[in-house]
Amino acid sequence: MSLLVFFVPANRAARRLRYLPFWFNELRYLPLPFLDTFIVQAYQESPAAAQRAINYLINSTNQQTLAARAMVKIAAGELTQCKTTRDMATVADHLAWIPSPPPKELGTALPQFVEVSQSVRAAQEATSLYRQHELLNAPIRQLQTLSESLAISRSATVATTFRPIAQTWLSTLQAAQRTLKERSRQSGEIPQVYIAGPPIDADSASDRFKGRQDLFREIESLTLSPQPPVLLLHGGRRTGKSSLLNYLPRCIGSEIIPLHIDLQGAASATTLRGLAESISRLMIEAAQRSRNARFPYPDEDAIRRDPFPALQQWFLDIERTIRGKRFLLCLDEFERLEEVVAETGSRAPLNFFRYVLQNRRQWILLFSGSHTLDELAPYWSDYLINTRPIRVSYLQEADARELIQRPIDDFPDLYTPSAVDEIIRLTHCQPYLVQLTCSAVVDHLNRHKRQQASLQDIHAVTPAVLEQASANLFRDRYRTITDAERHCLQQLLEEQSAAAMDKRVMRRLVQQREILHQVDEGYDFQIPLFKMYVESQL
């Protein structure tokens with residue numbers, strides 16, 4: 001090994017890999033000094049040859065520790081050489097050969113650098129300068145978190161190797177982001193900041209959440225009451241329920257720990273054990289995300305034997321670990337639990353939540369979904385006792401106007417007064433439709449290299465808005481109404497007398513469905529865009 005390291009030129013190391021002792025005798029108990037250094041030198045000349053040597057060390061010899069050291073040095077070398085965002089975007093491909101999960105000597109640092117690399121690549125492929133600027137937010141946040149975690153890492157080697165790299169990458173990305181923002185401003189491009197579709201993430205788009213202060217106040221007041229009820233957050237699809245829950249930790253006191261659990265994914269579990277494991281994992285992640293709280297881990301063996309009694313004990317362990325707090329367990333898309341009941345033939349999850357409600361005073365349950373109590377399966381009445389419904393409806397007009405005109409700070413004065421009024425009229429301040437319309441307007445103006453939207457521009461994008469809203473919202477909404485309700489809508493469009501319509505059905509369309517509202521002596525659609533869709537279906 002000494003001869004190979006000190007007498008073979010670095011640019012010929014790859015050709016001398018075949019002389020390494022482990023090729024001739026896999027089991028060696030005496031140390032092989034400089035082995036990792038020699039493999040790193042060989043990697044500079046021929047990555048493929050060095051990779052083959054490392055794979056052989058891992059799979060066919062007892063030199064796994066030396067192989068891991070070589071991987072650490074190679075990974076650190078590749079990451080250190082990244083001086084530009086383009087370098088960062090491609091480094092994930094260069095390190096794809098390192099096994100997943102990587103050796104413990106690499107800690108969790110390398111997978112996070114790979115994720116950052118992939119995020120930077122996604123930013124580079126964005127279609128506009130401002131979108132590139134925005135997509136760099138995620139890797140910047142991840143590098144900040146990584147740098148903080150490496151500062152307190154138990155492994156001095158990992159910390160001293162990778163923390164300087166994380167800080168260098170962070171500085172590079174922050175500088176690139178500032179440059180992109182300035183280039184976007186100089187180009188005259190209108191930033192596409194409207195979010196039409198996915199829930200607003202409080203970390204990446206906190207300044208874009210508008211309104212709902214009355215709902216935040218009501219939730220906080222109820223959770224702090226001596227005997228809080230079960231909260232039922234309900235409203236139609238795409239009214240902003242999930243965005244509200246994402247933003248909740250910023251708007252209620254620190255004595256409450258909100259735990260936002262999306263049951264749409266958890267309920268895909270086909271066993272009670274799988275559901276319990278998903279819920280516990282999501283709760284641990286939510287606690288750290290919302291309040292940086294560290295929950296203890298549940299007993300895996302106990303969950304394997306009897307899942308939900310094990311969760312009962314785990315909730316007690318959480319209370320003992322984190323004292324003086326209340327836990328607001330927010331179950332988003334809670335109707336998905338019906339699928340679990342149907343799949344497993346057991347109501348154990350519902351019994352568990354009833355146990356939490358009745359026996360754990362520090363826990364408050366919030367169910368969020370599109371169904372009201374009378375639209376759920378009959379057995380829900382045994383579980384949703386002492387329930388306080390909270391409706392999530394349209395935005396207040398003032399909040400909708402702020403969303404249109406000032407979605408972020410320093411947004412250009414884009415709309416004429418008549419254009420704003422027309423967006424308000426067409427959408428009736430429905431948040432998804434407001435975002436969708438404004439997003440279409442920005443794309444329209446950027447295509448035509450213009451800086452202001454008039455009433456004519458709103459009319460120009462309306463067909464495209466209607467098409468997209470039909471696919472993502474209106475079609476589903478129209479399918480969920482009854483035949484009697486469709487008949488009443490048809491009568492309304494045919495301008496029949498209100499006296500000829502079924503009063504009970506019309507009342508449901510006004511109060512529960514939020515499709516119609518009363519005007520003068522009759523009725524009209526609340527959302528003109530939805531009226532256009534219904535007209536196309538009849």
# chains A, B, ... in the order shown; residues from 1 in each chain; ligands from 1
$ select_by_dssp --residues "segment 112-355 of chain A" --states "helix (DSSP H, G or I)" --output "PyMOL selection string"
chain A and resi 112-124+129-135+137-151+156-187+206-208+213-223+241-250+263-266+272-291+300-305+307-321+334-344+348-355
$ residues_around --residues "segment 87-89 of chain A" --least-positions-apart "2" --cutoff "9 Å" --atoms "only C-alpha atoms" --output "list in words"
Leu79, Gln81, Cys82, Lys83, Thr84, Thr85, Val91, Ala92, Asp93, Phe113, Val114, Val116, Ser117, Gln118, Ser119, Val120, Arg121, Ala122, Gln124 and Trp169 of chain A
$ atom_distance --atom1 "atom CA of Leu35 of chain A" --atom2 "atom CA of Arg69 of chain A"
9.4 Å
$ closest_residue --among "A:Lys210, A:Arg304, A:Arg323, A:Arg28" --to "Arg406 of chain A" --atoms "only C-alpha atoms"
A:Lys210
$ residues_around --residues "segment 352-365 of chain A" --least-positions-apart "4" --cutoff "7 Å" --atoms "only C-alpha atoms" --output "PyMOL selection string"
chain A and resi 223+228+230-231+308+326-330+348+383
$ residues_around --residues "Arg320 of chain A" --least-positions-apart "5" --cutoff "10 Å" --atoms "only C-alpha atoms" --output "number ranges by chain"
A: 296, 314-315
$ write_last_selection --atoms "N, CA and C atoms" --output "tab-separated table (two decimals), in the first residue's frame"
chain	number	residue	atom	x	y	z
A	296	PRO	N	-41.87	11.78	21.69
A	296	PRO	CA	-41.24	10.46	21.81
A	296	PRO	C	-41.78	9.53	20.74
A	314	TRP	N	-49.21	5.88	23.89
A	314	TRP	CA	-48.28	6.85	23.31
A	314	TRP	C	-48.75	8.28	23.55
A	315	PHE	N	-50.06	8.53	23.46
A	315	PHE	CA	-50.58	9.87	23.73
A	315	PHE	C	-50.27	10.27	25.17
$ closest_residue --among "A:Thr416, A:Thr239, A:Asn11, A:Ser155" --to "Gly197 of chain A" --atoms "only C-alpha atoms"
A:Thr239
$ closest_residue --among "A:Asp299, A:Asp399, A:Asp332, A:Glu339" --to "His260 of chain A" --atoms "only C-alpha atoms"
A:Asp332
$ atom_distance --atom1 "atom CA of Leu3 of chain A" --atom2 "atom CA of Thr37 of chain A"
13.0 Å
